[in-house]
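These notes concern the structure reproduced below.
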Amino acid sequence: MKKILWVIVLNFILIGESNAQNDCLKMLEEYIPDDDAIKVAHLTDKKLTFYINNIRNMKDKDIVEFGFNQSMTNLMEKKYNCPKIKFVKAYDSSGIPQPVKINGILLKDYDNQLIVSEK
């Protein structure tokens with residue numbers, strides 16, 4: 001009886017983690033194409049990194065002004081069960097793209113995309 005109970009509990013835990021990942025992914029698939037401020041969202045099992053278009057009118061803008069702050073992090077982590085979230089500027093203050101590669105492709109070659117990787 002105890003073994004059956006543990007199997008049931010374990011299934012709920014595993015299904016819950018799977019649904020959590022699906023909730024986050026579903027939200028991102030709807031959100032990312034509509035938000036031009038996001039250059040790339042990179043989702044892995046352990047973290048979600050947003051690369052934010054921080055250059056506006058040829059000036060470096062603070063991404064917190066766009067709403068990419070702790071409040072947004074808390075909402076996405078709690079409501080959609082997203083993994084640890086990090087917001088990063090996609091460009092330096094001179095407008096040069098950050099030298100980041102995702103799946104072997106430079107950040108500058110992506111545009112308003114969601115990338116899902118297993119890492």
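For the structure tokens, the naming scheme is as follows: chains receive sequential letters (A, B, ...) according to their order of presentation, residues are indexed from 1 within each chain, and ligands are indexed from 1 in presentation order.
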
ask   = Can you tell me, as a list in words, what residues are no more than 10 Å from A:Asp45 when counting only C-alpha atoms, ignoring any on the same chain fewer than 2 positions away?
value = Gln21, Leu43, Lys47, Leu48, Cys82, Pro83, Lys84, Val116, Ser117, Glu118 and Lys119 of chain A

Residue list (helix (DSSP H, G or I), DSSP) for chain A, as a ChimeraX atom specification = /A:2-34,63-66,70-79,107-109

Using the selection just defined, write its residues with C-alpha atoms as a PDB file, in the first residue's frame.
ATOM      1  CA  LYS A   2       2.817   2.407   0.882  1.00  0.00           C
ATOM      2  CA  LYS A   3       4.566   1.648  -2.415  1.00  0.00           C
ATOM      3  CA  ILE A   4       1.415   2.468  -4.381  1.00  0.00           C
ATOM      4  CA  LEU A   5       0.981   5.707  -2.446  1.00  0.00           C
ATOM      5  CA  TRP A   6       4.606   6.709  -3.151  1.00  0.00           C
ATOM      6  CA  VAL A   7       4.188   5.908  -6.849  1.00  0.00           C
ATOM      7  CA  ILE A   8       1.071   8.097  -6.998  1.00  0.00           C
ATOM      8  CA  VAL A   9       2.801  10.963  -5.167  1.00  0.00           C
ATOM      9  CA  LEU A  10       5.849  10.675  -7.409  1.00  0.00           C
ATOM     10  CA  ASN A  11       3.624  10.791 -10.516  1.00  0.00           C
ATOM     11  CA  PHE A  12       1.930  13.963  -9.283  1.00  0.00           C
ATOM     12  CA  ILE A  13       5.305  15.565  -8.649  1.00  0.00           C
ATOM     13  CA  LEU A  14       6.653  14.652 -12.089  1.00  0.00           C
ATOM     14  CA  ILE A  15       3.444  15.642 -13.854  1.00  0.00           C
ATOM     15  CA  GLY A  16       3.425  18.913 -11.913  1.00  0.00           C
ATOM     16  CA  GLU A  17       6.966  19.741 -13.057  1.00  0.00           C
ATOM     17  CA  SER A  18       6.047  18.905 -16.637  1.00  0.00           C
ATOM     18  CA  ASN A  19       2.943  21.087 -16.490  1.00  0.00           C
ATOM     19  CA  ALA A  20       4.959  23.916 -14.944  1.00  0.00           C
ATOM     20  CA  GLN A  21       7.390  23.835 -17.876  1.00  0.00           C
ATOM     21  CA  ASN A  22       4.459  23.716 -20.298  1.00  0.00           C
ATOM     22  CA  ASP A  23       2.753  26.711 -18.616  1.00  0.00           C
ATOM     23  CA  CYS A  24       5.895  28.799 -18.991  1.00  0.00           C
ATOM     24  CA  LEU A  25       6.522  27.676 -22.568  1.00  0.00           C
ATOM     25  CA  LYS A  26       2.921  28.314 -23.605  1.00  0.00           C
ATOM     26  CA  MET A  27       2.990  31.820 -22.106  1.00  0.00           C
ATOM     27  CA  LEU A  28       6.307  32.598 -23.820  1.00  0.00           C
ATOM     28  CA  GLU A  29       5.080  31.360 -27.212  1.00  0.00           C
ATOM     29  CA  GLU A  30       2.179  33.823 -26.977  1.00  0.00           C
ATOM     30  CA  TYR A  31       4.137  36.696 -25.414  1.00  0.00           C
ATOM     31  CA  ILE A  32       7.460  36.828 -27.296  1.00  0.00           C
ATOM     32  CA  PRO A  33       6.216  37.458 -30.877  1.00  0.00           C
ATOM     33  CA  ASP A  34       4.152  40.436 -29.684  1.00  0.00           C
ATOM     34  CA  ILE A  63      15.580  47.924 -19.337  1.00  0.00           C
ATOM     35  CA  VAL A  64      13.894  48.357 -15.949  1.00  0.00           C
ATOM     36  CA  GLU A  65      12.002  51.297 -17.518  1.00  0.00           C
ATOM     37  CA  PHE A  66      10.472  48.794 -19.959  1.00  0.00           C
ATOM     38  CA  GLN A  70      11.892  41.975 -10.163  1.00  0.00           C
ATOM     39  CA  SER A  71       8.112  42.382 -10.253  1.00  0.00           C
ATOM     40  CA  MET A  72       7.939  40.829 -13.716  1.00  0.00           C
ATOM     41  CA  THR A  73      10.314  38.082 -12.597  1.00  0.00           C
ATOM     42  CA  ASN A  74       8.119  37.246  -9.613  1.00  0.00           C
ATOM     43  CA  LEU A  75       4.972  37.162 -11.766  1.00  0.00           C
ATOM     44  CA  MET A  76       6.473  34.827 -14.366  1.00  0.00           C
ATOM     45  CA  GLU A  77       8.042  32.519 -11.803  1.00  0.00           C
ATOM     46  CA  LYS A  78       4.916  32.243  -9.651  1.00  0.00           C
ATOM     47  CA  LYS A  79       2.040  32.470 -12.120  1.00  0.00           C
ATOM     48  CA  LEU A 107      22.738  36.873 -30.590  1.00  0.00           C
ATOM     49  CA  LYS A 108      22.800  39.516 -33.345  1.00  0.00           C
ATOM     50  CA  ASP A 109      21.411  36.958 -35.822  1.00  0.00           C
TER      51      ASP A 109
END

inquiry  = Show me, as a ChimeraX atom specification, the residues that have an atom within 10 Å of A:Phe50 when counting only C-alpha atoms, minus same-chain residues fewer than 3 positions from it.
reply    = /A:32,37-43,47,53,68,85-90,114

For N, CA and C atoms, I'd like the residues from the last selection saved as a compact mmCIF listing (two decimals), in the first residue's frame.
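The result, stored in again-v1.txt:
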# COMPACT_ATOMS: atom_id res chain seq x y z
N ILE A 32 6.24 36.38 -26.61
CA ILE A 32 7.46 36.83 -27.30
C ILE A 32 7.19 37.45 -28.67
N ALA A 37 10.40 44.56 -27.69
CA ALA A 37 11.49 44.88 -26.77
C ALA A 37 12.36 43.66 -26.50
N ILE A 38 11.83 42.47 -26.79
CA ILE A 38 12.59 41.24 -26.53
C ILE A 38 13.26 40.77 -27.82
N LYS A 39 14.57 40.71 -27.78
CA LYS A 39 15.31 40.20 -28.94
C LYS A 39 15.26 38.68 -28.93
N VAL A 40 15.58 38.08 -27.78
CA VAL A 40 15.58 36.62 -27.64
C VAL A 40 15.18 36.26 -26.22
N ALA A 41 14.40 35.20 -26.11
CA ALA A 41 14.15 34.57 -24.82
C ALA A 41 14.70 33.16 -24.93
N HIS A 42 15.63 32.82 -24.05
CA HIS A 42 16.29 31.51 -24.10
C HIS A 42 15.87 30.72 -22.87
N LEU A 43 15.08 29.67 -23.10
CA LEU A 43 14.54 28.84 -22.03
C LEU A 43 15.28 27.52 -21.96
N LYS A 47 16.84 27.74 -16.29
CA LYS A 47 16.76 29.20 -16.30
C LYS A 47 16.09 29.71 -17.57
N ASN A 53 16.10 44.37 -26.14
CA ASN A 53 16.53 45.44 -27.04
C ASN A 53 16.58 46.74 -26.24
N PHE A 68 11.10 45.30 -17.24
CA PHE A 68 11.85 44.06 -17.04
C PHE A 68 12.56 44.16 -15.69
N ILE A 85 14.75 33.48 -13.66
CA ILE A 85 14.71 34.44 -14.78
C ILE A 85 15.81 35.48 -14.65
N LYS A 86 16.39 35.81 -15.79
CA LYS A 86 17.43 36.83 -15.85
C LYS A 86 17.16 37.73 -17.05
N PHE A 87 17.25 39.05 -16.85
CA PHE A 87 17.10 40.02 -17.94
C PHE A 87 18.47 40.60 -18.26
N VAL A 88 18.85 40.58 -19.54
CA VAL A 88 20.16 41.03 -19.98
C VAL A 88 19.96 41.99 -21.15
N LYS A 89 20.76 43.05 -21.16
CA LYS A 89 20.73 43.96 -22.31
C LYS A 89 21.33 43.26 -23.52
N ALA A 90 20.68 43.36 -24.67
CA ALA A 90 21.16 42.71 -25.89
C ALA A 90 22.31 43.47 -26.53
N LEU A 114 11.93 32.96 -29.50
CA LEU A 114 12.00 32.10 -28.34
C LEU A 114 12.85 30.90 -28.72

message = For a test of reading the model, state the distance in Å between atom CA of A:Thr44 and atom CA of A:Asn69, rounded to one decimal.
response = 20.0 Å

inquiry  = I need the residues in chain A that are strand (DSSP E) according to DSSP; give them as a ChimeraX atom specification.
reply    = /A:38-43,47-52,55-56,59-60,84-89,101-102,105-106,113-116
